[in-house]
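Undergrad: Enclosed is the structure file model-v6.txt (compact mmCIF, C-alpha atoms and all ligand atoms).
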# COMPACT_ATOMS: atom_id res chain seq x y z
CA MET A 135 -13.27 129.55 -13.36
CA GLY A 136 -16.00 131.24 -15.39
CA VAL A 137 -17.65 134.62 -15.02
CA SER A 138 -21.20 135.19 -13.82
CA VAL A 139 -23.14 138.02 -15.45
CA VAL A 140 -26.54 139.14 -14.22
CA VAL A 141 -28.75 140.68 -16.90
CA THR A 142 -31.21 142.96 -15.20
CA SER A 143 -33.30 146.09 -15.73
CA GLY A 144 -35.80 146.95 -13.05
CA LYS A 145 -38.55 147.41 -15.63
CA GLY A 146 -40.13 144.37 -17.27
CA GLY A 147 -40.17 143.52 -20.94
CA VAL A 148 -37.17 145.59 -21.99
CA GLY A 149 -35.12 142.73 -23.41
CA LYS A 150 -33.17 141.07 -20.57
CA SER A 151 -33.84 137.54 -21.81
CA THR A 152 -33.22 138.58 -25.42
CA VAL A 153 -29.86 140.14 -24.52
CA ALA A 154 -28.83 137.14 -22.37
CA LEU A 155 -29.75 134.67 -25.11
CA GLY A 156 -28.19 136.67 -27.96
CA MET A 157 -24.92 137.20 -26.14
CA GLY A 158 -24.95 133.59 -24.99
CA ARG A 159 -25.35 132.34 -28.56
CA ALA A 160 -22.64 134.70 -29.80
CA LEU A 161 -20.18 133.52 -27.14
CA ALA A 162 -21.02 129.87 -27.82
CA GLN A 163 -20.26 130.48 -31.50
CA LYS A 164 -16.87 131.75 -30.41
CA GLY A 165 -16.25 128.38 -28.77
CA ARG A 166 -17.17 129.29 -25.20
CA ARG A 167 -19.23 127.13 -22.87
CA VAL A 168 -22.17 129.27 -21.83
CA LEU A 169 -24.92 128.59 -19.32
CA LEU A 170 -28.13 130.60 -19.25
CA VAL A 171 -29.83 130.48 -15.84
CA ASP A 172 -33.47 131.53 -16.01
CA CYS A 173 -34.07 133.18 -12.63
CA ASP A 174 -37.63 134.18 -13.50
CA ALA A 175 -39.49 131.57 -11.44
CA GLY A 176 -43.15 131.59 -12.43
CA LEU A 177 -42.69 133.69 -15.58
CA ARG A 178 -39.88 131.82 -17.31
CA SER A 179 -39.17 132.48 -20.96
CA LEU A 180 -35.73 131.15 -21.90
CA ASP A 181 -37.03 127.58 -22.17
CA ARG A 182 -39.12 128.64 -25.14
CA MET A 183 -36.68 131.20 -26.56
CA THR A 184 -33.81 128.68 -26.64
CA GLY A 185 -35.98 126.05 -28.31
CA ALA A 186 -35.18 123.65 -25.43
CA GLU A 187 -38.70 123.67 -23.99
CA GLU A 188 -39.82 120.22 -25.15
CA ASN A 189 -36.85 118.38 -23.64
CA LEU A 190 -37.13 119.74 -20.11
CA VAL A 191 -37.74 117.44 -17.16
CA PHE A 192 -36.07 119.21 -14.23
CA ASP A 193 -35.59 122.88 -13.43
CA ILE A 194 -33.72 124.98 -10.88
CA SER A 195 -36.36 124.29 -8.19
CA ASP A 196 -35.49 120.58 -8.42
CA VAL A 197 -31.86 121.48 -7.81
CA VAL A 198 -32.79 123.76 -4.89
CA PHE A 199 -34.89 121.07 -3.21
CA GLY A 200 -32.37 118.30 -3.87
CA ARG A 201 -34.58 116.35 -6.28
CA CYS A 202 -31.78 116.22 -8.84
CA ALA A 203 -28.14 117.16 -9.28
CA PRO A 204 -27.44 120.50 -11.02
CA ALA A 205 -26.15 118.69 -14.13
CA GLU A 206 -29.47 116.84 -14.51
CA ALA A 207 -31.37 120.14 -14.79
CA ILE A 208 -29.06 121.62 -17.43
CA TYR A 209 -30.04 121.15 -21.06
CA PRO A 210 -28.17 121.80 -24.32
CA CYS A 211 -29.70 124.41 -26.60
CA GLY A 212 -29.07 122.84 -30.00
CA GLU A 213 -26.54 120.27 -31.12
CA GLY A 214 -22.90 120.70 -30.07
CA GLU A 215 -23.26 124.42 -29.73
CA GLY A 216 -21.81 125.16 -26.31
CA LEU A 217 -24.98 126.86 -25.09
CA PHE A 218 -26.89 125.37 -22.16
CA LEU A 219 -29.97 126.25 -20.12
CA LEU A 220 -30.83 125.82 -16.46
CA PRO A 221 -34.57 126.55 -16.64
CA ALA A 222 -36.80 128.22 -14.07
CA PRO A 223 -39.89 126.47 -12.69
CA SER A 224 -43.24 127.39 -14.22
CA ALA A 225 -44.57 128.44 -10.79
CA GLY A 226 -43.20 129.58 -7.45
CA GLU A 227 -42.21 133.21 -7.61
CA ASN A 228 -39.38 134.07 -5.19
CA MET A 229 -38.61 130.42 -4.47
CA ILE A 230 -34.97 130.85 -5.58
CA ARG A 231 -33.28 132.31 -2.51
CA PRO A 232 -30.05 134.35 -2.49
CA ALA A 233 -28.42 131.88 -0.08
CA VAL A 234 -28.95 129.10 -2.62
CA MET A 235 -27.58 131.16 -5.50
CA ARG A 236 -24.46 132.06 -3.52
CA LYS A 237 -23.71 128.33 -3.30
CA LEU A 238 -24.93 127.27 -6.75
CA VAL A 239 -23.40 129.93 -9.01
CA PRO A 240 -19.76 129.39 -7.91
CA LEU A 241 -20.28 125.68 -8.56
CA LEU A 242 -21.63 126.37 -12.06
CA LYS A 243 -18.72 128.70 -12.82
CA ARG A 244 -16.38 125.73 -12.54
CA TYR A 245 -17.96 124.15 -15.63
CA TYR A 246 -18.88 127.14 -17.82
CA ASP A 247 -16.93 130.10 -19.17
CA TYR A 248 -19.97 132.33 -18.76
CA VAL A 249 -23.01 131.96 -16.51
CA PHE A 250 -25.72 134.44 -17.52
CA LEU A 251 -28.26 135.07 -14.77
CA ASP A 252 -31.46 136.27 -16.44
CA SER A 253 -33.18 138.37 -13.81
CA PRO A 254 -36.94 138.71 -13.40
CA ALA A 255 -38.51 142.16 -13.74
CA GLY A 256 -38.68 144.37 -10.67
CA VAL A 257 -36.24 145.05 -7.88
CA GLY A 258 -37.55 142.58 -5.30
CA GLY A 259 -36.46 139.19 -4.08
CA GLY A 260 -36.07 137.68 -7.55
CA PHE A 261 -33.74 140.49 -8.58
CA ARG A 262 -31.61 139.99 -5.46
CA SER A 263 -31.39 136.24 -6.01
CA ALA A 264 -30.32 136.70 -9.62
CA ALA A 265 -27.76 139.38 -8.79
CA CYS A 266 -26.30 138.28 -5.46
CA ALA A 267 -23.73 135.89 -6.94
CA ALA A 268 -22.90 137.89 -10.06
CA ASP A 269 -19.37 139.06 -10.86
CA ARG A 270 -20.69 141.72 -13.18
CA ALA A 271 -23.99 143.20 -14.30
CA LEU A 272 -25.56 144.33 -17.53
CA VAL A 273 -28.38 146.81 -16.93
CA VAL A 274 -30.74 146.73 -19.90
CA CYS A 275 -32.98 149.66 -20.72
CA SER A 276 -34.75 151.11 -23.70
CA PRO A 277 -33.99 154.80 -24.30
CA ASP A 278 -37.06 156.30 -22.64
CA PRO A 279 -37.38 158.13 -19.32
CA VAL A 280 -39.52 155.51 -17.57
CA CYS A 281 -37.14 152.73 -18.42
CA VAL A 282 -34.09 154.80 -17.51
CA ARG A 283 -35.61 155.61 -14.11
CA ASN A 284 -36.04 151.89 -13.47
CA ALA A 285 -32.47 151.25 -14.62
CA VAL A 286 -31.28 153.76 -12.02
CA ALA A 287 -33.22 151.86 -9.32
CA ALA A 288 -31.61 148.62 -10.48
CA LYS A 289 -28.17 150.23 -10.46
CA GLU A 290 -28.66 151.45 -6.86
CA LEU A 291 -29.49 147.94 -5.73
CA LEU A 292 -26.51 146.50 -7.58
CA ILE A 293 -24.34 148.98 -5.68
CA LYS A 294 -25.86 147.77 -2.38
CA LEU A 295 -25.09 144.20 -3.41
CA GLY A 296 -21.47 145.20 -3.96
CA ILE A 297 -21.40 144.57 -7.72
CA GLU A 298 -18.85 147.05 -9.00
CA ASP A 299 -18.75 146.13 -12.67
CA LYS A 300 -22.05 147.49 -14.00
CA ARG A 301 -22.59 148.39 -17.64
CA LEU A 302 -25.56 149.74 -19.58
CA VAL A 303 -27.18 148.06 -22.59
CA ILE A 304 -29.54 150.32 -24.51
CA ASN A 305 -31.94 147.94 -26.22
CA ARG A 306 -34.59 148.37 -28.89
CA PHE A 307 -33.01 151.57 -30.18
CA ASN A 308 -35.16 153.08 -32.91
CA GLY A 309 -33.67 156.32 -34.26
CA PRO A 310 -36.85 157.95 -35.62
CA LEU A 311 -38.82 157.07 -32.47
CA PHE A 312 -35.97 158.28 -30.25
CA GLY A 313 -35.84 161.59 -32.14
CA ALA A 314 -39.62 162.02 -32.14
CA THR A 315 -39.88 161.32 -28.39
CA GLY A 316 -37.41 164.11 -27.76
CA ALA A 317 -36.79 163.07 -24.17
CA TYR A 318 -33.03 163.10 -24.69
CA ASN A 319 -30.86 165.04 -27.13
CA ASP A 320 -28.74 162.00 -27.90
CA LEU A 321 -27.65 158.67 -26.44
CA ASP A 322 -25.18 160.45 -24.17
CA GLY A 323 -28.23 161.94 -22.48
CA VAL A 324 -29.56 158.44 -21.77
CA ILE A 325 -26.20 157.27 -20.45
CA ASP A 326 -25.85 160.34 -18.20
CA ALA A 327 -29.38 159.89 -16.84
CA ALA A 328 -28.77 156.21 -16.10
CA GLY A 329 -25.37 156.94 -14.59
CA VAL A 330 -23.92 153.68 -15.90
CA ARG A 331 -21.15 153.30 -18.49
CA LEU A 332 -22.33 152.13 -21.87
CA PHE A 333 -21.65 148.56 -22.95
CA GLY A 334 -23.64 148.44 -26.16
CA VAL A 335 -26.63 149.61 -28.15
CA VAL A 336 -28.97 147.03 -29.67
CA PRO A 337 -31.29 148.22 -32.43
CA ASP A 338 -34.98 147.45 -32.47
CA ASP A 339 -35.08 144.51 -34.84
CA THR A 340 -38.09 142.46 -35.89
CA LEU A 341 -35.85 139.75 -37.40
CA LEU A 342 -34.26 138.99 -34.02
CA ALA A 343 -37.52 139.18 -32.06
CA ALA A 344 -39.37 136.90 -34.50
CA ALA A 345 -36.57 134.31 -34.46
CA PHE A 346 -36.11 134.22 -30.69
CA LEU A 347 -39.83 134.11 -29.98
CA ARG A 348 -39.97 130.93 -32.11
CA GLY A 349 -36.95 129.37 -30.41
CA LYS A 350 -34.79 129.87 -33.53
CA ARG A 351 -31.40 131.44 -34.14
CA ALA A 352 -31.35 135.02 -35.36
CA PRO A 353 -30.65 135.31 -39.11
CA ALA A 354 -27.24 136.62 -40.18
CA ALA A 355 -28.84 139.83 -41.45
CA SER A 356 -30.20 140.72 -38.00
CA SER A 357 -28.81 144.11 -36.97
CA ALA A 358 -29.58 143.36 -33.31
CA MET A 359 -27.70 140.06 -33.45
CA LYS A 360 -24.71 141.84 -34.97
CA ALA A 361 -24.77 144.28 -32.05
CA LEU A 362 -25.02 141.39 -29.56
CA CYS A 363 -22.04 139.68 -31.24
CA ARG A 364 -20.02 142.88 -30.80
CA MET A 365 -21.03 142.96 -27.13
CA ALA A 366 -19.94 139.34 -26.76
CA GLY A 367 -16.55 140.38 -28.10
CA ARG A 368 -16.38 143.21 -25.56
CA LEU A 369 -17.21 140.78 -22.75
CA GLU A 370 -14.24 138.73 -23.95
CA GLY A 371 -12.05 141.80 -23.53
CA GLU A 372 -11.74 142.56 -27.24
CA ALA A 373 -11.54 146.22 -28.26
CA VAL A 374 -14.74 146.29 -30.31
CA PRO A 375 -15.80 149.87 -31.03
CA ILE A 376 -19.41 150.98 -30.57
CA PRO A 377 -20.61 152.20 -33.99
CA ASP A 378 -21.89 155.76 -34.44
CA THR A 379 -25.08 154.67 -36.19
CA PHE A 380 -27.45 151.78 -35.50
N1 LIG B 401 -33.75 144.46 -29.88
C1 LIG B 401 -35.03 144.09 -29.99
N2 LIG B 401 -35.73 144.34 -31.12
C2 LIG B 401 -37.03 143.98 -31.23
N3 LIG B 401 -37.73 143.36 -30.28
C3 LIG B 401 -37.09 143.09 -29.12
C4 LIG B 401 -35.71 143.43 -28.91
N4 LIG B 401 -35.36 143.05 -27.66
C5 LIG B 401 -36.46 142.48 -27.13
N5 LIG B 401 -37.50 142.51 -27.99
C6 LIG B 401 -38.86 142.00 -27.76
O1 LIG B 401 -39.37 142.60 -26.57
C7 LIG B 401 -40.15 141.67 -25.84
C8 LIG B 401 -39.58 141.51 -24.43
O2 LIG B 401 -38.26 140.94 -24.56
P1 LIG B 401 -37.68 140.03 -23.40
O3 LIG B 401 -38.60 138.92 -23.08
O4 LIG B 401 -36.29 139.70 -23.79
O5 LIG B 401 -37.70 141.09 -22.22
P2 LIG B 401 -37.43 140.83 -20.66
O6 LIG B 401 -36.86 142.10 -20.13
O7 LIG B 401 -36.67 139.60 -20.47
O8 LIG B 401 -38.92 140.65 -20.16
P3 LIG B 401 -39.37 140.17 -18.66
O9 LIG B 401 -39.18 141.36 -17.77
O10 LIG B 401 -40.79 139.79 -18.85
O11 LIG B 401 -38.48 139.04 -18.29
C9 LIG B 401 -40.13 140.36 -26.64
O12 LIG B 401 -41.28 140.31 -27.45
C10 LIG B 401 -38.87 140.51 -27.50
O13 LIG B 401 -38.96 139.79 -28.71
MG MG B 402 -37.13 137.89 -19.31
Starting from the file, give its structure as structure tokens.
Ligand SMILES: Nc1ncnc2c1ncn2[C@@H]1O[C@H](COP(=O)(O)OP(=O)(O)OP(=O)(O)O)[C@@H](O)[C@H]1O
Ligand SMILES: [Mg+2]
TA:
Amino acid sequence: MGVSVVVTSGKGGVGKSTVALGMGRALAQKGRRVLLVDCDAGLRSLDRMTGAEENLVFDISDVVFGRCAPAEAIYPCGEGEGLFLLPAPSAGENMIRPAVMRKLVPLLKRYYDYVFLDSPAGVGGGFRSAACAADRALVVCSPDPVCVRNAVAAKELLIKLGIEDKRLVINRFNGPLFGATGAYNDLDGVIDAAGVRLFGVVPDDTLLAAAFLRGKRAPAASSAMKALCRMAGRLEGEAVPIPDTF
């Protein structure tokens, strides 16, 4: 039986899909079977970021409305890689209901080691649907006060949903910008303000962003991909230390 991980944030555009995809690719490279579920109905992105966009026929709405079996709406992302995508529909915000996810996700966990639930922005119905069947949660935020405030809101909702295993991913870390902003003395300040234990820090990295936005794999030199690989190791239970510098 696999593990379901919701990747969420509250605020939009902070890197949920990037983190889900990067960790998914890293785990697939380690030989795991990984399913990315795009829960962002109406504003999907993983279809393009995985490079699977052109092959798609069905999506999760077809599964929900019984137009196809779950397996028919799941697509491989690259040849023999172990990474798969269950895409979101291009329209129909909030059409994926929590009751459906509570039935679907346990079924998917039978076939995949990891099921990443890529949450939409906000803390409304889409968030609840993505999170309701998760075993654990990664709360993504960039190290600025607005984003941290939204991460706190997301954390509170995760608590209400009964998800105990919540960890913080600080994404798009840029040392000079962080220092110049001066909102926090150090990353401990961010972690304390969010009130969630740290899982990893992902540097701001143009190499990773450019690759993922074109549906390509991140190059080996990508500092962000290296951080995501370390986080994949941590998810596997390996004792991978968090470096002091990024
Ligand atoms: N570590 C990073 N370094 C550089 N750019 C990044 C990083 N993480 C994400 N980005 C960029 O930030 C933008 C938003 O990323 P992404 O789509 O993953 O965010 P999201 O939280 O899923 O957004 P949404 O709320 O719209 O679903 C993208 O252009 C992406 O390439
Ligand atoms: Mg996204």
Undergrad: What does the distance between CA of Ala288 (chain A) and CA of Val274 (chain A) come to in Å, to one decimal place?
TA: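 That distance, rounded to one decimal, is 9.6 Å.
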Undergrad: If you count only C-alpha atoms and all ligand atoms, which residues end up within 10 Å of ligand LIG 401 (chain B), as number ranges by chain?
TA: A: 141-156, 172-174, 177-180, 183, 252-256, 274-276, 304-308, 335-348, 356-359, 361-362
Undergrad: Between CA of Ala268 (chain A) and CA of Ala225 (chain A), what distance in Å does the model show, to one decimal?
TA: 23.7 Å
Undergrad: Which residues, written as number ranges by chain, have at least one atom at most 9 Å from Tyr209 (chain A), with only C-alpha atoms counted and residues fewer than 4 positions away on the same chain left out?
TA: A: 186, 189-190, 205, 217-221
Undergrad: Find, counting all atoms listed in the file, the residue in A:Arg167, A:Ala222, A:Ile194, A:Arg159 that gets nearest to ligand MG 402 (chain B).
TA: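 Smallest separation from ligand MG 402 (chain B) among the options: A:Ala222.
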Undergrad: Figure out the distance between CA of Leu251 (chain A) and CA of Gly349 (chain A), please, to one decimal in Å.
TA: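 Taking CA of Gly349 (chain A) as the start and CA of Leu251 (chain A) as the end point, the length is 18.8 Å.
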Undergrad: Pick the closest to Cys266 (chain A) from A:Asn319, A:Thr184, A:Ser138, A:Thr379: which is it, counting all atoms listed in the file?
TA: A:Ser138
Undergrad: Which residue gives the smallest distance to Arg331 (chain A) among A:Pro353, A:Ala314, A:Arg244, A:Ala271, with only C-alpha atoms counted?
TA: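 Looking at the shortest contact to Arg331 (chain A), the residue is A:Ala271.
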Undergrad: From the options A:Leu169, A:Val280, A:Val374, A:Ala175, which residue's atoms come nearest to ligand MG 402 (chain B), counting all atoms listed in the file?
TA: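 Closest to ligand MG 402 (chain B), using all atoms listed in the file: A:Ala175.
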Undergrad: With all atoms listed in the file as the atoms that count, which of A:Gly313, A:Gly176, A:Gly367, A:Gly296 lies nearest to ligand MG 402 (chain B)?
TA: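 Of A:Gly313, A:Gly176, A:Gly367, A:Gly296, the one nearest ligand MG 402 (chain B), counting all atoms listed in the file, is A:Gly176.
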Undergrad: In terms of the shortest atom-to-atom distance over all atoms listed in the file, which of A:Ile297, A:Val249, A:Val324, A:Ala160 is closest to Cys281 (chain A)?
TA: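 Among the listed residues, the smallest separation from Cys281 (chain A) belongs to A:Val324.
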Undergrad: Mind checking which residues fall within 12 Å of region 370-372 of chain A, counting only C-alpha atoms, ignoring those fewer than 4 positions away in the same chain, and posting them as an MDAnalysis selection string?
TA: chainID A and resid 136:137 157:158 160:162 164:166 247:248 333 363:366 376
Undergrad: I'd like the contact shell of region 315-317 of chain A - 10 Å cut-off, all atoms listed in the file, skipping same-chain residues fewer than 5 positions apart - returned as a ChimeraX atom specification.
TA: /A:277-279,309-310,323-324
Undergrad: Excluding same-chain residues fewer than 3 positions from Arg236 (chain A), what lies within 9 Å of it counting all atoms listed in the file, as a count of residues only?
TA: 9
